[in-house]
There are 2 protein chains.
Amino acid sequence: MVNETQQTCSTSSSSKSDGGSSSGSESSKDSSRCSTPVLDADRHERLREKMRRRQDSGDKWFSLEFFPPRTANAAVNLISRFDRMGAGGPLFIDVTWHPAGDPGSDKETSSMIIANTAVNYCGLETILHMTCCNQTKDDITGHLQKAKRLGLKNIMALRGDPVGEEWEEEVDGFNYAADLVKHIRNEFDDYFDICVAGYPKGHPEAESYEADLRHLKEKVFAGADFIITQLFFRSETFLKFVKDCQAIGITCPIIPGIFPIQGYHSLRQLVKLSKLEVPQEIKDVIEPIKDNDAAIRNYGVELAVSMCRELLDSGVVHGLHFYTLNREVATTEVLKRLGIWKEDPRRPLPWAVSAHPKRRVEDVRPIFWASRPKSYIYRTQEWDDFPNGRWGNSSSPAFGELKDYYLFYLKSKSPREELLKMWGEELTGEESVFEVFTCYISGEPNKNGYKVTCMPWNDDPLATETNLLKEQLEKVNRRGILTINSQPNINGKPSTDPIVGWGPSGGYVFQKAYLEFFTSSEIVTALLKVLKKYESRVNYHIVNVKGQNITNAPDLQPNAVTWGIFPGREIIQPTVVDPVSFLYWKDEAFALWIEQWAKLYEEESPSRMIIQYIHDNYYLVNLVDNDFPLENCLWQVVDDTFLLLN
Amino acid sequence: MVNETQQTCSTSSSSKSDGGSSSGSESSKDSSRCSTPVLDADRHERLREKMRRRQDSGDKWFSLEFFPPRTANAAVNLISRFDRMGAGGPLFIDVTWHPAGDPGSDKETSSMIIANTAVNYCGLETILHMTCCNQTKDDITGHLQKAKRLGLKNIMALRGDPVGEEWEEEVDGFNYAADLVKHIRNEFDDYFDICVAGYPKGHPEAESYEADLRHLKEKVFAGADFIITQLFFRSETFLKFVKDCQAIGITCPIIPGIFPIQGYHSLRQLVKLSKLEVPQEIKDVIEPIKDNDAAIRNYGVELAVSMCRELLDSGVVHGLHFYTLNREVATTEVLKRLGIWKEDPRRPLPWAVSAHPKRRVEDVRPIFWASRPKSYIYRTQEWDDFPNGRWGNSSSPAFGELKDYYLFYLKSKSPREELLKMWGEELTGEESVFEVFTCYISGEPNKNGYKVTCMPWNDDPLATETNLLKEQLEKVNRRGILTINSQPNINGKPSTDPIVGWGPSGGYVFQKAYLEFFTSSEIVTALLKVLKKYESRVNYHIVNVKGQNITNAPDLQPNAVTWGIFPGREIIQPTVVDPVSFLYWKDEAFALWIEQWAKLYEEESPSRMIIQYIHDNYYLVNLVDNDFPLENCLWQVVDDTFLLLN
């Protein structure tokens, strides 16, 4: 009985080597003491460990393959696809390496930068493909160093297609994927998880199926952690392949590559490139319907679902890898039908976490960037360490400057014409602006009949949680309290609550009511008089574009506004109102008026001047109601303010 | 309006120098990020700042003077007096310097060590007196360095009494207090707050009252921060003195020294030493009652109260300094009658804070030492830094070993005979031990008619908070669940709650229910079966003296069991159940059976063998009910356990 869960540090004497350090010495205990393992083990595990854990627990998983886009616009779309498909809970995504597209460059469309975006901004575990053929050792080392610097932790090591028909082995060069695997292990030890490609029908250039299996074994024995296979059309093909691999001593995980047929032409293209043969029974179905895209896709989904079911039922397969061709519908449909798409994935924290290893412990952020998490990640990317447990001393944050990040990661998904329809082709006064805000909140069409589905401060429709406040928000926006961020107070809801819950189950989550808005100096004057009555119940920060700042926050300390209590854990307080960060956010919040809205209009046009006027004269206000167990008093504050004004 | 509370960091550009540091560099941001200013400004201010703040706010204060005791037993008593009188909220205490008593030594009765105890173990702001006459520069520097190392921050600089009648000035020596003040400022800059003595009637050895005022001015101008005066008998004496000081340019605070007459002989003794003259009207009252101690004390209290009232009413006096003569009753009585004794001082944290400057940010401790805070401070005194905000990584704590600290700081205030009466002259079996525990909880006398007012794990009667659980505790102790620590669950009571509240007002405090006890292996076996039903709702740690440890705590992480939410602040979580610290506490908790209880009995006596058996065979168990909003389930766990056993 006693030894059931004998712990490693079961006697105090065994821990003595830890400490008793002399006073005044530099000690690494300082930082380690502040760092608590975060809530989800996932963030601390490497990919192969996650894979192993899922295999052990019998929890089936999937992964998604994408290729880098050709244009910046396509990149913006791909990134929002990452967000949407990321919500379904893939174990990882992978990004292919396009030798022709300058794959290691800083271009927004390069393989490297797309993978970087997936990891850092979308928080996805990501594998970057890399080919070695026709590249120097230095090039490859450079790419790998860059990948490591960007926070990428997994490489799919490939040979790549030799350029030209008559390819000859280079002496001391990278001729095979195995050479690349060895190189990675030599130069980077165990830093990367390495994946290699398997060919269930044998590589088209291999002498034989058996010879190809031997090559695969060589790659694995050179240090690969798992295998992803080329696509195939019959489950037996894969199951036989796994058996044959095992027979020659390959014991690492082998993940089947699934290709849901999505159209006649894409299938033909793929088959041509991969030199695979499409089974006759599939051809027989497809040929007659080759001009009916929808019919082919339905068939493709059907086919993929039934093959995946066979694979999963075999007991041999724990995860499925999908060749998405950067498309969403077919793969999502297959995953949903298989029941492995997570309809409502548990949020480990109330905001989207980044997957960069140096952000592994991060569990506190200012609330201001709630609708702009990518901007927050971008502006803090140079930090050496990230707040863990508490935000702490407000003198520490140094945010990256506002510059051209609008141009790419943070540009709106909607084109100019659409934005004009939503926000007004022509503004006639501040009231037209009030109307845009009101329509965004209410979901009602604007006077020209267009729904306002995004705002400069929020590129997505209203969050479910904000919907809880919809009625009041609508009312105050109509009167010129232009809200850009808010949350209701929560006094201990279960952590599994579908709207406000986060973190592991069995916990309780709490919030202080928060309201952030732009408003005129006239309203601010009245508001300040009203706030006197509320004393320390309501904390406020009020700032204009010039940085004139009015606050009652004690000693510029942060105020925790979201926190959670979990079994066997320290308190987690992932969201704070930090007075110092607010002044960095202020620059961004005001700049968005100009960059995203004013610039839609001609210079010197009345519409542009209205936005410019608001930018120059309005205040950005945030309010926190500290009395979270009572009814939110912030609406009363606003009502009192209007009462005073009238 | 806008500039009402213009903050120093009102624009983001002005903060840019903070950061943007390159990746990978050692950065002091790391630790600063984790350090949040603690809840009470008091812990961060130096004495002279506290004094100024109290003067500005009009909040009258008092301070208490003590002298070092002669014997170790007297020291134990003095320390509990510090605790009791500390509860009344003195701004500081001071400890006199006894040149004859080896004042700078490590003896438990030395001035240095008594002051150390006051600061570190009793959490009192403390002034250490120091005299310079007949001492070398090196001696004095050594004393000051030691004082600084121990966490003392304030020195009362005195000349001291020259040895022998015929005293001559030494060239380059320390002849006057001003020399000591200069020396402290030269060697320690502004580290110490320095106090000097003022003589409202002039120093008895001074040429004249005026000459003495000039000496005082010299001391102040040498760098003293404030003045405490010699005792006096009439308020006019003090008020004239203050006026005269101000007239010659002394502007620092001048604090009147108050001496409540407590007996005929002590008054005579003091008068002889201080060469003061007792006014005739006082002599007239005292002489006739000189054999009636109570009458003299009543008169002394009366006299002191009326003089203090005059002083406070004058508007000149903001604080009163009391010469306690190490006695409690008279001074406390005067303070209570003046209304400046704090009946219910606000607790900044749920446990007593230490006043050592390096513990300034400490705001998290393991719950295990709740009744033994001095032991916790002692065992962690070598730490370089203290948990702030969260306990963090459980690999960091390294506790001082258990050795002779029992002998002094932690020995019971009760003598052996009393302990035997409470805990049993003779034990007849484990049940006699159960009875002792039960009587301690119930407050009922034991079978020999003695009340059990302390236990080896708790030298004080049951805490008010524990009283909330009294009925259940009594029931389980009777059956061999020998509880040594517990707290009820609290789901958001106001921080001003008289029983469970702590921290600034306007906040809410929370607790998870906690129960810690010794029990037999038979009960543990049943308990473990029962606990399976409760899954993650109840976290447990179960360990025996050999360190065999059974737990369901995830990843050895700490569990926060007390926390508070305050306006404009991050979450404070002052108490945790830390799995690693528990194993250090276990050593102490088991050792107390032997050191404090078993050793009361003869070796090989049946009583001693019973305690030894418990020590060797029982388990120490702690249970946390994570579901703090629901009714505490720990009693149900215990009931289920007994049900299973029967």
# chains A, B, ... in the order shown; residues from 1 in each chain; ligands from 1
>>> select_by_dssp(residues="segment 521-634 of chain A", states="strand (DSSP E)", output="VMD selection string")
chain A and resid 538 to 544 549 to 551 559 to 565 572 to 577 619 to 625
>>> write_last_selection(atoms="N, CA and C atoms", output="PDB file, in the first residue's frame")
ATOM      1  N   VAL A 538     -14.504  50.948  -8.454  1.00  0.00           N
ATOM      2  CA  VAL A 538     -14.205  50.970  -9.886  1.00  0.00           C
ATOM      3  C   VAL A 538     -12.812  51.553 -10.120  1.00  0.00           C
ATOM      4  N   ASN A 539     -11.948  50.758 -10.735  1.00  0.00           N
ATOM      5  CA  ASN A 539     -10.652  51.295 -11.177  1.00  0.00           C
ATOM      6  C   ASN A 539     -10.782  51.777 -12.610  1.00  0.00           C
ATOM      7  N   TYR A 540     -10.181  52.926 -12.893  1.00  0.00           N
ATOM      8  CA  TYR A 540     -10.259  53.454 -14.256  1.00  0.00           C
ATOM      9  C   TYR A 540      -8.904  53.925 -14.756  1.00  0.00           C
ATOM     10  N   HIS A 541      -8.756  53.856 -16.073  1.00  0.00           N
ATOM     11  CA  HIS A 541      -7.631  54.447 -16.782  1.00  0.00           C
ATOM     12  C   HIS A 541      -8.223  55.199 -17.963  1.00  0.00           C
ATOM     13  N   ILE A 542      -7.875  56.428 -18.085  1.00  0.00           N
ATOM     14  CA  ILE A 542      -8.441  57.267 -19.141  1.00  0.00           C
ATOM     15  C   ILE A 542      -7.280  57.988 -19.815  1.00  0.00           C
ATOM     16  N   VAL A 543      -7.150  57.829 -21.122  1.00  0.00           N
ATOM     17  CA  VAL A 543      -5.966  58.392 -21.789  1.00  0.00           C
ATOM     18  C   VAL A 543      -6.364  58.914 -23.170  1.00  0.00           C
ATOM     19  N   ASN A 544      -5.722  59.987 -23.608  1.00  0.00           N
ATOM     20  CA  ASN A 544      -5.960  60.428 -24.977  1.00  0.00           C
ATOM     21  C   ASN A 544      -4.747  60.100 -25.843  1.00  0.00           C
ATOM     22  N   ASN A 549      -2.987  61.036 -19.128  1.00  0.00           N
ATOM     23  CA  ASN A 549      -3.471  59.817 -18.496  1.00  0.00           C
ATOM     24  C   ASN A 549      -4.064  60.103 -17.128  1.00  0.00           C
ATOM     25  N   ILE A 550      -5.281  59.625 -16.908  1.00  0.00           N
ATOM     26  CA  ILE A 550      -5.959  59.838 -15.622  1.00  0.00           C
ATOM     27  C   ILE A 550      -6.316  58.467 -15.063  1.00  0.00           C
ATOM     28  N   THR A 551      -5.905  58.215 -13.833  1.00  0.00           N
ATOM     29  CA  THR A 551      -6.193  56.885 -13.278  1.00  0.00           C
ATOM     30  C   THR A 551      -6.290  56.955 -11.769  1.00  0.00           C
ATOM     31  N   ASN A 559      -4.228  44.890 -12.191  1.00  0.00           N
ATOM     32  CA  ASN A 559      -5.458  44.409 -11.574  1.00  0.00           C
ATOM     33  C   ASN A 559      -5.845  43.103 -12.278  1.00  0.00           C
ATOM     34  N   ALA A 560      -5.922  42.018 -11.531  1.00  0.00           N
ATOM     35  CA  ALA A 560      -6.308  40.740 -12.140  1.00  0.00           C
ATOM     36  C   ALA A 560      -7.797  40.766 -12.448  1.00  0.00           C
ATOM     37  N   VAL A 561      -8.192  40.476 -13.679  1.00  0.00           N
ATOM     38  CA  VAL A 561      -9.605  40.529 -14.043  1.00  0.00           C
ATOM     39  C   VAL A 561     -10.171  39.180 -14.501  1.00  0.00           C
ATOM     40  N   THR A 562      -9.306  38.189 -14.655  1.00  0.00           N
ATOM     41  CA  THR A 562      -9.762  36.825 -14.937  1.00  0.00           C
ATOM     42  C   THR A 562      -8.877  35.892 -14.130  1.00  0.00           C
ATOM     43  N   TRP A 563      -9.480  34.983 -13.395  1.00  0.00           N
ATOM     44  CA  TRP A 563      -8.661  34.028 -12.660  1.00  0.00           C
ATOM     45  C   TRP A 563      -9.416  32.730 -12.487  1.00  0.00           C
ATOM     46  N   GLY A 564      -8.653  31.685 -12.191  1.00  0.00           N
ATOM     47  CA  GLY A 564      -9.275  30.373 -12.049  1.00  0.00           C
ATOM     48  C   GLY A 564      -8.657  29.601 -10.902  1.00  0.00           C
ATOM     49  N   ILE A 565      -9.494  28.806 -10.231  1.00  0.00           N
ATOM     50  CA  ILE A 565      -9.065  28.002  -9.092  1.00  0.00           C
ATOM     51  C   ILE A 565      -9.276  26.552  -9.500  1.00  0.00           C
ATOM     52  N   ILE A 572      -4.477  30.513 -11.054  1.00  0.00           N
ATOM     53  CA  ILE A 572      -4.085  31.019 -12.362  1.00  0.00           C
ATOM     54  C   ILE A 572      -4.826  32.333 -12.587  1.00  0.00           C
ATOM     55  N   GLN A 573      -4.114  33.373 -12.997  1.00  0.00           N
ATOM     56  CA  GLN A 573      -4.790  34.660 -13.265  1.00  0.00           C
ATOM     57  C   GLN A 573      -4.338  35.165 -14.635  1.00  0.00           C
ATOM     58  N   PRO A 574      -4.969  34.595 -15.678  1.00  0.00           N
ATOM     59  CA  PRO A 574      -4.432  34.815 -17.024  1.00  0.00           C
ATOM     60  C   PRO A 574      -4.623  36.212 -17.592  1.00  0.00           C
ATOM     61  N   THR A 575      -5.527  37.007 -17.047  1.00  0.00           N
ATOM     62  CA  THR A 575      -5.768  38.316 -17.662  1.00  0.00           C
ATOM     63  C   THR A 575      -5.713  39.420 -16.627  1.00  0.00           C
ATOM     64  N   VAL A 576      -4.945  40.454 -16.944  1.00  0.00           N
ATOM     65  CA  VAL A 576      -4.826  41.590 -16.036  1.00  0.00           C
ATOM     66  C   VAL A 576      -5.081  42.890 -16.789  1.00  0.00           C
ATOM     67  N   VAL A 577      -5.468  43.913 -16.035  1.00  0.00           N
ATOM     68  CA  VAL A 577      -5.457  45.276 -16.557  1.00  0.00           C
ATOM     69  C   VAL A 577      -4.172  45.899 -16.032  1.00  0.00           C
ATOM     70  N   TYR A 619     -11.124  60.127 -25.930  1.00  0.00           N
ATOM     71  CA  TYR A 619     -10.324  59.439 -24.921  1.00  0.00           C
ATOM     72  C   TYR A 619     -10.571  57.932 -25.010  1.00  0.00           C
ATOM     73  N   LEU A 620      -9.540  57.188 -24.662  1.00  0.00           N
ATOM     74  CA  LEU A 620      -9.706  55.739 -24.509  1.00  0.00           C
ATOM     75  C   LEU A 620      -9.837  55.475 -23.011  1.00  0.00           C
ATOM     76  N   VAL A 621     -10.912  54.793 -22.644  1.00  0.00           N
ATOM     77  CA  VAL A 621     -11.254  54.622 -21.232  1.00  0.00           C
ATOM     78  C   VAL A 621     -11.340  53.139 -20.921  1.00  0.00           C
ATOM     79  N   ASN A 622     -10.791  52.702 -19.790  1.00  0.00           N
ATOM     80  CA  ASN A 622     -11.159  51.371 -19.335  1.00  0.00           C
ATOM     81  C   ASN A 622     -11.622  51.412 -17.895  1.00  0.00           C
ATOM     82  N   LEU A 623     -12.596  50.584 -17.603  1.00  0.00           N
ATOM     83  CA  LEU A 623     -13.204  50.537 -16.273  1.00  0.00           C
ATOM     84  C   LEU A 623     -13.240  49.095 -15.785  1.00  0.00           C
ATOM     85  N   VAL A 624     -12.871  48.898 -14.524  1.00  0.00           N
ATOM     86  CA  VAL A 624     -12.991  47.578 -13.902  1.00  0.00           C
ATOM     87  C   VAL A 624     -13.870  47.708 -12.673  1.00  0.00           C
ATOM     88  N   ASP A 625     -14.872  46.855 -12.570  1.00  0.00           N
ATOM     89  CA  ASP A 625     -15.672  46.790 -11.342  1.00  0.00           C
ATOM     90  C   ASP A 625     -15.046  45.709 -10.457  1.00  0.00           C
TER      91      ASP A 625
END
>>> select_by_dssp(residues="segment 115-300 of chain B", states="helix (DSSP H, G or I)", output="PyMOL selection string")
chain B and resi 115-120+137-149+177-188+209-221+235-247+264-274+280-289+293-300
>>> residues_around(residues="Gly198 of chain A", least_positions_apart="4", cutoff="7 Å", atoms="only C-alpha atoms", output="list in words")
Leu216, Ile227, Ile228, Thr229 and Gln230 of chain A
>>> residues_around(residues="Gly443 of chain A", least_positions_apart="4", cutoff="10 Å", atoms="only C-alpha atoms", output="list in words")
Thr438, Cys439, Tyr450, Lys451, Val452, Thr453, Pro461, Leu462, Lys470 and Glu474 of chain A
>>> closest_residue(among="B:Val95, B:Leu64, B:Val530, B:Ala553", to="chain A", atoms="only C-alpha atoms")
B:Ala553
>>> residues_around(residues="segment 430-436 of chain B", least_positions_apart="2", cutoff="7 Å", atoms="only C-alpha atoms", output="list in words")
Trp423, Leu427, Thr428, Thr438, Cys439, Tyr440, Asn477, Arg478, Gly480, Leu482 and Ile610 of chain B
>>> residues_around(residues="segment 180-191 of chain B", least_positions_apart="6", cutoff="9 Å", atoms="only C-alpha atoms", output="list in words")
Met130, Thr131, Cys132, Lys137, Ile140, Thr141, Leu144, Gln145, Lys148, Lys153, Asn154, Ala157, Leu158, Arg159, Phe174, Lys219, Val220, Ala222, Gly223 and Ala224 of chain B
